[in-house]
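Raw work.txt, compact mmCIF, C-alpha atoms:
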```
# COMPACT_ATOMS: atom_id res chain seq x y z
CA ARG N 18 0.00 0.00 0.00
CA TYR N 19 1.26 3.48 -0.87
CA ASP N 20 -0.14 6.66 0.75
CA LEU N 21 0.96 10.16 -0.22
CA ALA N 22 2.53 12.11 2.65
CA ASP N 23 3.74 15.33 0.98
CA LEU N 24 4.55 16.82 -2.44
CA GLN N 25 6.48 20.06 -3.05
CA THR N 26 8.18 21.75 -5.98
CA THR N 27 11.89 22.59 -5.96
CA GLY N 28 13.56 25.58 -7.55
CA ASP N 29 14.71 23.68 -10.64
CA GLY N 30 11.20 22.61 -11.65
CA SER N 31 11.40 19.14 -10.12
CA VAL N 32 9.19 17.87 -7.32
CA ILE N 33 9.98 15.95 -4.15
CA VAL N 34 7.35 13.44 -3.10
CA SER N 35 7.18 11.48 0.15
CA PHE N 36 4.91 8.56 0.86
CA VAL N 37 4.16 5.91 3.47
CA ARG N 38 4.61 2.32 2.33
CA SER N 39 3.03 -0.58 4.20
CA ARG N 40 1.67 -4.11 3.81
CA GLY N 41 -1.90 -3.64 5.00
CA ILE N 42 -3.29 -2.06 8.15
CA SER N 43 -1.33 -4.31 10.51
CA GLY N 44 1.97 -4.00 8.63
CA ALA N 45 4.81 -1.65 9.55
CA LYS N 46 4.55 1.85 8.05
CA HIS N 47 7.77 3.09 6.43
CA LEU N 48 8.57 6.54 5.05
CA TYR N 49 9.99 6.83 1.52
CA ALA N 50 10.82 9.76 -0.77
CA ASN N 51 11.91 10.52 -4.31
CA LYS N 52 12.66 13.49 -6.50
CA ILE N 53 11.00 13.62 -9.90
CA SER N 54 12.33 15.67 -12.82
CA PRO N 55 10.04 17.74 -15.09
CA SER N 56 10.18 14.86 -17.59
CA GLY N 57 9.13 12.31 -14.95
CA GLN N 58 12.55 10.74 -14.23
CA LEU N 59 13.06 9.32 -10.74
CA LEU N 60 16.19 11.26 -9.77
CA TRP N 61 16.69 9.37 -6.50
CA GLY N 62 16.46 5.95 -8.10
CA GLN N 63 13.86 3.35 -8.96
CA ALA N 64 14.04 1.91 -5.42
CA HIS N 65 13.38 5.35 -3.88
CA VAL N 66 15.06 6.75 -0.76
CA LYS N 67 14.21 5.01 2.49
CA VAL N 68 13.82 7.85 4.96
CA PHE N 69 12.70 5.50 7.74
CA ASP N 70 12.26 1.73 7.67
CA ALA N 71 13.66 0.71 11.07
CA GLY N 72 10.29 0.48 12.82
CA SER N 73 6.84 1.84 12.10
CA LEU N 74 5.08 5.17 11.84
CA GLN N 75 1.71 5.68 13.51
CA GLN N 76 -1.25 4.39 11.51
CA GLY N 77 -2.75 7.33 9.59
CA ASN N 78 0.29 9.59 10.10
CA PHE N 79 1.63 11.24 6.93
CA PRO N 80 4.55 13.54 7.82
CA HIS N 81 5.25 16.76 5.93
CA PHE N 82 8.75 17.87 4.97
CA VAL N 83 10.53 21.24 4.51
CA LEU N 84 12.58 22.10 1.43
CA ASP N 85 16.22 22.96 2.13
CA GLY N 86 16.51 25.48 -0.73
CA GLN N 87 19.31 23.42 -2.34
CA GLY N 88 17.23 20.74 -4.05
CA GLY N 89 16.79 18.51 -0.99
CA ALA N 90 14.38 18.27 1.92
CA VAL N 91 14.30 17.90 5.72
CA PHE N 92 11.90 15.37 7.25
CA ALA N 93 10.50 14.97 10.77
CA TRP N 94 8.23 12.16 11.99
CA TYR N 95 7.44 10.00 14.98
CA SER N 96 7.53 6.24 15.30
CA VAL N 97 5.42 3.89 17.42
CA ALA N 98 7.83 0.95 17.07
CA PRO N 99 10.30 0.04 18.39
CA GLN N 100 9.46 3.02 20.64
CA MET N 101 7.43 6.22 20.48
CA GLN N 102 10.14 8.57 19.31
CA VAL N 103 10.60 11.70 17.16
CA TYR N 104 13.23 11.60 14.40
CA ALA N 105 14.62 13.98 11.79
CA GLN N 106 16.49 13.40 8.53
CA HIS N 107 17.96 15.66 5.84
CA ILE N 108 17.95 14.15 2.35
CA GLN N 109 20.30 16.16 0.16
CA ALA N 110 19.75 17.09 -3.50
CA ASN N 111 21.55 13.95 -4.71
CA GLY N 112 19.35 11.69 -2.55
CA SER N 113 21.97 10.94 0.11
CA PRO N 114 21.18 11.37 3.83
CA ALA N 115 23.03 14.08 5.74
CA PHE N 116 22.15 12.45 9.08
CA ALA N 117 22.48 8.86 10.27
CA VAL N 118 20.52 6.21 8.36
CA ASN N 119 16.86 6.15 9.55
CA GLY N 120 17.24 9.57 11.09
CA VAL N 121 18.40 11.14 14.34
CA PRO N 122 16.27 10.86 17.51
CA VAL N 123 15.67 14.25 19.12
CA SER N 124 15.97 12.87 22.66
CA THR N 125 17.74 9.99 24.38
CA ASN N 126 15.18 9.80 27.23
CA LEU N 127 13.55 6.39 26.75
CA GLN N 128 11.50 6.65 29.96
CA GLN N 129 9.27 9.22 28.28
CA ALA N 130 7.79 9.31 24.77
CA ARG N 131 7.26 11.94 22.09
CA VAL N 132 4.87 12.56 19.19
CA ALA N 133 3.64 15.10 16.62
CA PRO N 134 6.82 17.01 15.65
CA SER N 135 6.98 20.23 13.68
CA MET N 136 10.22 21.66 12.34
CA SER N 137 11.81 24.67 10.66
CA TYR N 138 15.04 24.84 8.67
CA GLN N 139 17.67 27.58 8.39
CA PRO N 140 19.32 27.31 4.93
CA LEU N 141 22.25 29.59 5.81
CA THR N 142 23.46 27.37 8.66
CA GLY N 143 21.89 24.02 7.77
CA GLU N 144 20.29 23.85 11.22
CA THR N 145 16.94 22.24 11.98
CA THR N 146 14.76 23.28 14.93
CA LEU N 147 12.06 20.88 16.08
CA PHE N 148 9.19 21.16 18.55
CA TRP N 149 7.10 18.19 19.68
CA ALA N 150 4.67 16.96 22.33
CA GLU N 151 6.50 15.09 25.11
CA LEU N 152 4.54 12.34 26.94
CA ASP N 153 5.13 10.97 30.43
CA ASN N 154 5.16 7.46 28.90
CA ALA N 155 3.98 5.64 25.78
CA VAL N 156 1.26 3.63 27.56
CA GLU N 157 -0.81 5.92 29.79
CA GLN N 158 0.00 9.25 28.09
CA ARG N 159 -1.71 11.19 30.87
CA ARG N 160 0.65 14.17 30.97
CA ARG N 161 2.04 16.17 28.06
CA GLY N 162 4.66 18.85 27.71
CA LEU N 163 6.18 20.93 24.93
CA TYR N 164 9.84 20.27 24.11
CA ALA N 165 12.30 21.58 21.51
CA GLN N 166 15.64 20.55 20.01
CA LYS N 167 18.06 21.93 17.45
CA LEU N 168 20.18 19.76 15.14
CA ASP N 169 23.24 21.04 13.35
CA ALA N 170 23.99 20.34 9.68
CA ARG N 171 25.22 16.83 10.54
CA GLY N 172 22.33 15.97 12.85
CA ALA N 173 24.11 16.49 16.18
CA ARG N 174 21.80 17.51 19.05
CA GLN N 175 22.56 21.08 20.17
CA TRP N 176 20.17 21.65 23.08
CA GLY N 177 21.21 18.75 25.28
CA GLU N 178 20.59 15.04 24.84
CA THR N 179 16.91 15.32 25.84
CA GLY N 180 16.07 18.71 24.33
CA ARG N 181 14.71 21.78 26.05
CA ALA N 182 11.44 21.73 28.02
CA ILE N 183 9.31 24.67 26.89
CA GLN N 184 6.35 23.49 28.98
CA PRO N 185 6.85 20.76 31.62
CA LEU N 186 4.69 17.63 31.69
CA ALA N 187 1.18 18.43 32.93
CA LEU N 188 -2.46 17.42 32.55
CA GLN N 189 -2.89 19.32 29.30
CA ASP N 190 -3.41 18.70 25.62
CA ILE N 191 -0.89 20.06 23.12
CA ALA N 192 -1.86 19.58 19.48
CA HIS N 193 -1.65 21.01 15.95
CA LEU N 194 1.91 22.22 16.56
CA ARG N 195 3.40 24.45 13.83
CA THR N 196 6.81 26.14 13.55
CA VAL N 197 8.06 29.00 11.39
CA ALA N 198 11.70 29.88 10.69
CA VAL N 199 12.39 33.62 11.04
CA THR N 200 15.61 35.59 10.68
CA ASP N 201 16.41 35.63 14.39
CA GLY N 202 15.14 32.20 15.40
CA THR N 203 11.96 30.11 15.39
CA LEU N 204 8.33 30.83 16.14
CA ALA N 205 6.12 27.99 17.38
CA PHE N 206 2.32 27.89 17.67
CA TRP N 207 0.03 25.22 19.07
CA VAL N 208 -3.49 24.50 20.29
CA GLN N 209 -3.65 23.92 24.04
CA ALA N 210 -6.41 22.86 26.43
CA VAL N 211 -5.87 22.45 30.19
CA SER N 212 -8.12 20.29 32.42
CA GLY N 213 -10.97 20.12 29.93
CA GLN N 214 -11.25 23.89 29.47
CA HIS N 215 -11.76 25.46 26.06
CA ASP N 216 -8.92 25.55 23.55
CA THR N 217 -6.45 28.40 23.25
CA ILE N 218 -3.76 29.04 20.65
CA GLN N 219 -0.38 29.72 22.21
CA GLY N 220 2.91 30.92 20.74
CA ILE N 221 6.56 31.33 21.70
CA LYS N 222 9.72 32.56 19.98
CA LEU N 223 13.20 31.14 20.55
CA ASP N 224 16.50 32.45 19.25
CA THR N 225 19.09 30.25 17.53
CA THR N 226 20.62 29.19 20.86
CA GLY N 227 17.30 28.17 22.44
CA ASN N 228 16.85 31.26 24.58
CA THR N 229 13.41 32.84 24.74
CA LEU N 230 12.96 35.95 22.59
CA CYS N 231 9.20 36.16 23.20
CA PRO N 232 7.80 34.44 26.30
CA GLN N 233 4.73 32.30 25.75
CA PHE N 234 1.85 34.44 24.52
CA ALA N 235 -1.78 33.85 23.57
CA VAL N 236 -2.80 34.15 19.93
CA SER N 237 -6.47 33.34 20.57
CA THR N 238 -8.40 32.80 23.80
CA ARG N 239 -11.87 32.82 22.27
CA PRO N 240 -13.96 30.10 24.06
CA SER N 241 -14.17 27.51 21.30
CA SER N 242 -12.75 24.33 19.85
CA LYS N 243 -9.76 24.97 17.57
CA SER N 244 -8.08 22.68 15.03
CA ARG N 245 -6.28 22.46 11.66
CA LEU N 246 -3.75 25.13 12.57
CA VAL N 247 -1.60 26.40 9.65
CA THR N 248 1.10 29.08 9.49
CA GLY N 249 2.95 31.13 6.91
CA ALA N 250 5.50 33.97 6.89
CA SER N 251 5.74 37.00 4.61
CA ALA N 252 7.17 40.54 4.77
CA GLY N 253 8.37 40.23 8.36
CA ARG N 254 5.12 38.93 9.78
CA THR N 255 3.68 35.50 10.51
CA LEU N 256 0.12 34.52 9.73
CA VAL N 257 -1.74 31.92 11.79
CA ALA N 258 -5.02 30.42 10.55
CA TRP N 259 -7.26 27.78 12.11
CA GLU N 260 -10.72 26.21 12.14
CA ASP N 261 -12.81 27.53 15.02
CA GLN N 262 -16.03 25.99 16.35
CA SER N 263 -18.32 27.27 19.10
CA GLN N 264 -21.88 26.54 20.15
CA GLN N 265 -22.81 30.21 19.82
CA GLN N 266 -21.40 30.99 16.36
CA GLY N 267 -20.85 27.61 14.73
CA SER N 268 -17.79 26.87 12.57
CA ASP N 269 -15.57 29.40 10.82
CA ILE N 270 -11.98 30.09 9.74
CA TYR N 271 -9.98 32.62 11.76
CA LEU N 272 -6.75 34.42 10.83
CA GLN N 273 -4.28 36.29 13.03
CA SER N 274 -1.18 38.28 12.08
CA VAL N 275 1.83 38.15 14.43
CA ALA N 276 4.54 40.81 14.14
CA ALA N 277 8.28 40.13 14.45
CA ASP N 278 8.19 41.19 18.11
CA CYS N 279 5.29 38.74 18.71
CA ARG N 280 2.67 41.42 19.10
CA LEU N 281 -0.69 40.62 17.54
CA SER N 282 -1.34 43.00 14.68
CA ALA N 283 -4.23 43.88 12.39
CA ARG N 284 -2.05 43.52 9.28
```
Show me the file's structure as structure tokens.
Amino acid sequence: RYDLADLQTTGDGSVIVSFVRSRGISGAKHLYANKISPSGQLLWGQAHVKVFDAGSLQQGNFPHFVLDGQGGAVFAWYSVAPQMQVYAQHIQANGSPAFAVNGVPVSTNLQQARVAPSMSYQPLTGETTLFWAELDNAVEQRRRGLYAQKLDARGARQWGETGRAIQPLALQDIAHLRTVAVTDGTLAFWVQAVSGQHDTIQGIKLDTTGNTLCPQFAVSTRPSSKSRLVTGASAGRTLVAWEDQSQQQGSDIYLQSVAADCRLSAR
């Protein structure tokens, strides 16, 4: 079985496609990729590039990737076997991996688990910044936190062996995580609900060393259910859009502009 994960165009007119390959619902889910020329040639070979085949992705999980600006792409995903772990890999323009085969784990803490990564890439330095939801363990998953890690151009962990805790483990839900690379660091946004209360959208900005440029701030506190968070950056601002549902006003799409200093702006 082959399921599309992501498809993006590169600067030379080619496309990079990633897909999940499996043998039925119960089979292991592996992540593959290839680069296709404008004439349809498989530039990374007929056998494709195996981004991850050392375990299994979560059923129904189709990871996105980020273009590196040089004809390659950076991937982030989480596995459920042999453990619940977040990985990253950089496949270069020629199809060769810049990191270790099957990717680099973002944390060496095997007592806890991690899921749902989002990443940004800095082309000038080749660094990758990842955020993810950290779990107290893979079985109960009662408490969640928000963690981050930076990998250098070779995949070496820069913010400690277990990453940096942005929010400690707590009885909270952290979902729909999105990151945006900006000139002075990384912006991260996510949907959060604490103890069954209504959803809020939160944000934070870190510099390139992991220090906080903008402490955690609220993007939206409207009492509603929020999902399908997406982000984009243009002209020094970041746009955040999401689906918003409430009993009073029904379902709609909301948009918020965030300035470089993390202030919410009208445009």
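Shell of N:Leu188 at 7 Å, with all atoms listed in the file counted and residues fewer than 3 places along the chain excluded, is Arg159, Arg160, Arg161, Val211 and Ser212 of chain N.
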Of N:Ala130, N:Pro114, N:Ala50, N:Gly28, the one nearest to N:Gln87 when counting all atoms listed in the file is N:Gly28
Would you list the residues near (14.1, 9.2, -6.0), meaning any protein, DNA or RNA residue with an atom at most 12 Å from that point in file coordinates, counting only C-alpha atoms, as a VMD selection string?
chain N and resid 31 to 36 49 to 54 57 to 68 89 108 to 113
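The closest residue to N:Leu21, picked from N:Leu48, N:Leu281, N:Val91, N:Val118 and counting all atoms listed in the file, is N:Leu48.
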With 8 Å as the threshold, what does the neighbourhood of (7.9, 10.2, 23.7) contain in terms of residues, counting only C-alpha atoms? Coordinates are those of the file; answer as an NGL selection string. :N and (100-103 or 127 or 129-132 or 150-155)
In terms of only C-alpha atoms, the residue from N:Gln189, N:Thr125, N:Thr196, N:Gln266 at minimal distance from N:Thr145 is N:Thr196
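Distances here use only C-alpha atoms; by that measure, the residue among N:Ile218, N:Ala210, N:Leu147, N:Leu74 closest to N:Arg174 is N:Leu147.
Shell of N:Ser242 at 9 Å, with all atoms listed in the file counted and residues fewer than 4 places along the chain excluded, is His215, Asp216, Thr217, Glu260, Asp261, Gln262 and Ser263 of chain N.
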Per residue of stretch 55-143 of chain N within 12 Å of stretch 222-237 of chain N, record the nearest atom pair and its distance in Å to one decimal, counting only C-alpha atoms, with rows in chain order and ascending residue number, as a tab-separated table.
```
residue	atom	partner	partner_atom	distance
N:Ser137	CA	N:Thr225	CA	11.5
N:Tyr138	CA	N:Thr225	CA	11.1
N:Gln139	CA	N:Thr225	CA	9.6
N:Thr142	CA	N:Thr225	CA	10.3
N:Gly143	CA	N:Thr225	CA	11.9
```
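Residue nearest N:Ala105 within the list N:Met136, N:Leu186, N:Val156, N:Ala93: N:Ala93 [criterion: smallest interatomic distance, all atoms listed in the file].
Distances here use all atoms listed in the file; by that measure, the residue among N:Arg245, N:His81, N:Arg181, N:Arg195 closest to N:Ala165 is N:Arg181.
As for atom CA of N:Gln75 and atom CA of N:Phe92, they are spaced 15.4 Å apart.
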**Request:** Write out as a ChimeraX atom specification the residues lying within 6 Å of N:Phe206, counting all atoms listed in the file and excluding same-chain residues fewer than 4 positions away.
**Result:** /N:194-195,219-220
Atom CA of N:Ile270 to atom CA of N:Asn78 measures 23.9 Å
Could N, CA and C atoms be built for stretch 242-268 of chain N and written out as a PDB file, in the coordinates of the input?
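What ended up in result26.pdb:
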```pdb
ATOM      1  N   SER N 242     -13.608  25.449  20.226  1.00  0.00           N
ATOM      2  CA  SER N 242     -12.750  24.330  19.850  1.00  0.00           C
ATOM      3  C   SER N 242     -11.953  24.741  18.623  1.00  0.00           C
ATOM      4  N   LYS N 243     -10.633  24.511  18.643  1.00  0.00           N
ATOM      5  CA  LYS N 243      -9.760  24.970  17.570  1.00  0.00           C
ATOM      6  C   LYS N 243      -8.971  23.790  16.995  1.00  0.00           C
ATOM      7  N   SER N 244      -8.791  23.789  15.678  1.00  0.00           N
ATOM      8  CA  SER N 244      -8.080  22.680  15.030  1.00  0.00           C
ATOM      9  C   SER N 244      -7.537  23.136  13.683  1.00  0.00           C
ATOM     10  N   ARG N 245      -6.819  22.225  13.005  1.00  0.00           N
ATOM     11  CA  ARG N 245      -6.280  22.460  11.660  1.00  0.00           C
ATOM     12  C   ARG N 245      -5.489  23.747  11.568  1.00  0.00           C
ATOM     13  N   LEU N 246      -4.587  23.937  12.510  1.00  0.00           N
ATOM     14  CA  LEU N 246      -3.750  25.130  12.570  1.00  0.00           C
ATOM     15  C   LEU N 246      -2.742  25.115  11.418  1.00  0.00           C
ATOM     16  N   VAL N 247      -2.600  26.244  10.712  1.00  0.00           N
ATOM     17  CA  VAL N 247      -1.600  26.400   9.650  1.00  0.00           C
ATOM     18  C   VAL N 247      -0.904  27.735   9.843  1.00  0.00           C
ATOM     19  N   THR N 248       0.320  27.859   9.336  1.00  0.00           N
ATOM     20  CA  THR N 248       1.100  29.080   9.490  1.00  0.00           C
ATOM     21  C   THR N 248       1.793  29.420   8.178  1.00  0.00           C
ATOM     22  N   GLY N 249       2.174  30.676   8.044  1.00  0.00           N
ATOM     23  CA  GLY N 249       2.950  31.130   6.910  1.00  0.00           C
ATOM     24  C   GLY N 249       3.627  32.438   7.268  1.00  0.00           C
ATOM     25  N   ALA N 250       4.742  32.750   6.589  1.00  0.00           N
ATOM     26  CA  ALA N 250       5.500  33.970   6.890  1.00  0.00           C
ATOM     27  C   ALA N 250       5.683  34.782   5.612  1.00  0.00           C
ATOM     28  N   SER N 251       5.557  36.110   5.755  1.00  0.00           N
ATOM     29  CA  SER N 251       5.740  37.000   4.610  1.00  0.00           C
ATOM     30  C   SER N 251       5.959  38.416   5.121  1.00  0.00           C
ATOM     31  N   ALA N 252       6.937  39.117   4.505  1.00  0.00           N
ATOM     32  CA  ALA N 252       7.170  40.540   4.770  1.00  0.00           C
ATOM     33  C   ALA N 252       7.338  40.840   6.260  1.00  0.00           C
ATOM     34  N   GLY N 253       8.074  39.973   6.959  1.00  0.00           N
ATOM     35  CA  GLY N 253       8.370  40.230   8.360  1.00  0.00           C
ATOM     36  C   GLY N 253       7.272  39.921   9.331  1.00  0.00           C
ATOM     37  N   ARG N 254       6.199  39.306   8.883  1.00  0.00           N
ATOM     38  CA  ARG N 254       5.120  38.930   9.780  1.00  0.00           C
ATOM     39  C   ARG N 254       4.790  37.460   9.581  1.00  0.00           C
ATOM     40  N   THR N 255       4.124  36.887  10.567  1.00  0.00           N
ATOM     41  CA  THR N 255       3.680  35.500  10.510  1.00  0.00           C
ATOM     42  C   THR N 255       2.166  35.464  10.585  1.00  0.00           C
ATOM     43  N   LEU N 256       1.562  34.679   9.728  1.00  0.00           N
ATOM     44  CA  LEU N 256       0.120  34.520   9.730  1.00  0.00           C
ATOM     45  C   LEU N 256      -0.243  33.164  10.308  1.00  0.00           C
ATOM     46  N   VAL N 257      -1.233  33.142  11.168  1.00  0.00           N
ATOM     47  CA  VAL N 257      -1.740  31.920  11.790  1.00  0.00           C
ATOM     48  C   VAL N 257      -3.216  31.802  11.437  1.00  0.00           C
ATOM     49  N   ALA N 258      -3.619  30.649  10.889  1.00  0.00           N
ATOM     50  CA  ALA N 258      -5.020  30.420  10.550  1.00  0.00           C
ATOM     51  C   ALA N 258      -5.469  29.100  11.154  1.00  0.00           C
ATOM     52  N   TRP N 259      -6.761  29.005  11.488  1.00  0.00           N
ATOM     53  CA  TRP N 259      -7.260  27.780  12.110  1.00  0.00           C
ATOM     54  C   TRP N 259      -8.774  27.678  11.919  1.00  0.00           C
ATOM     55  N   GLU N 260      -9.276  26.453  12.118  1.00  0.00           N
ATOM     56  CA  GLU N 260     -10.720  26.210  12.140  1.00  0.00           C
ATOM     57  C   GLU N 260     -11.207  26.416  13.564  1.00  0.00           C
ATOM     58  N   ASP N 261     -12.303  27.142  13.707  1.00  0.00           N
ATOM     59  CA  ASP N 261     -12.810  27.530  15.020  1.00  0.00           C
ATOM     60  C   ASP N 261     -14.282  27.152  15.109  1.00  0.00           C
ATOM     61  N   GLN N 262     -14.647  26.433  16.165  1.00  0.00           N
ATOM     62  CA  GLN N 262     -16.030  25.990  16.350  1.00  0.00           C
ATOM     63  C   GLN N 262     -16.509  26.362  17.745  1.00  0.00           C
ATOM     64  N   SER N 263     -17.703  26.958  17.817  1.00  0.00           N
ATOM     65  CA  SER N 263     -18.320  27.270  19.100  1.00  0.00           C
ATOM     66  C   SER N 263     -19.811  27.033  18.997  1.00  0.00           C
ATOM     67  N   GLN N 264     -20.441  26.778  20.134  1.00  0.00           N
ATOM     68  CA  GLN N 264     -21.880  26.540  20.150  1.00  0.00           C
ATOM     69  C   GLN N 264     -22.660  27.800  19.774  1.00  0.00           C
ATOM     70  N   GLN N 265     -22.102  28.968  20.068  1.00  0.00           N
ATOM     71  CA  GLN N 265     -22.810  30.210  19.820  1.00  0.00           C
ATOM     72  C   GLN N 265     -22.755  30.626  18.345  1.00  0.00           C
ATOM     73  N   GLN N 266     -21.586  30.461  17.710  1.00  0.00           N
ATOM     74  CA  GLN N 266     -21.400  30.990  16.360  1.00  0.00           C
ATOM     75  C   GLN N 266     -21.098  29.919  15.320  1.00  0.00           C
ATOM     76  N   GLY N 267     -21.103  28.662  15.700  1.00  0.00           N
ATOM     77  CA  GLY N 267     -20.850  27.610  14.730  1.00  0.00           C
ATOM     78  C   GLY N 267     -19.396  27.530  14.318  1.00  0.00           C
ATOM     79  N   SER N 268     -19.146  27.110  13.065  1.00  0.00           N
ATOM     80  CA  SER N 268     -17.790  26.870  12.570  1.00  0.00           C
ATOM     81  C   SER N 268     -17.367  27.975  11.606  1.00  0.00           C
TER      82      SER N 268
END
```
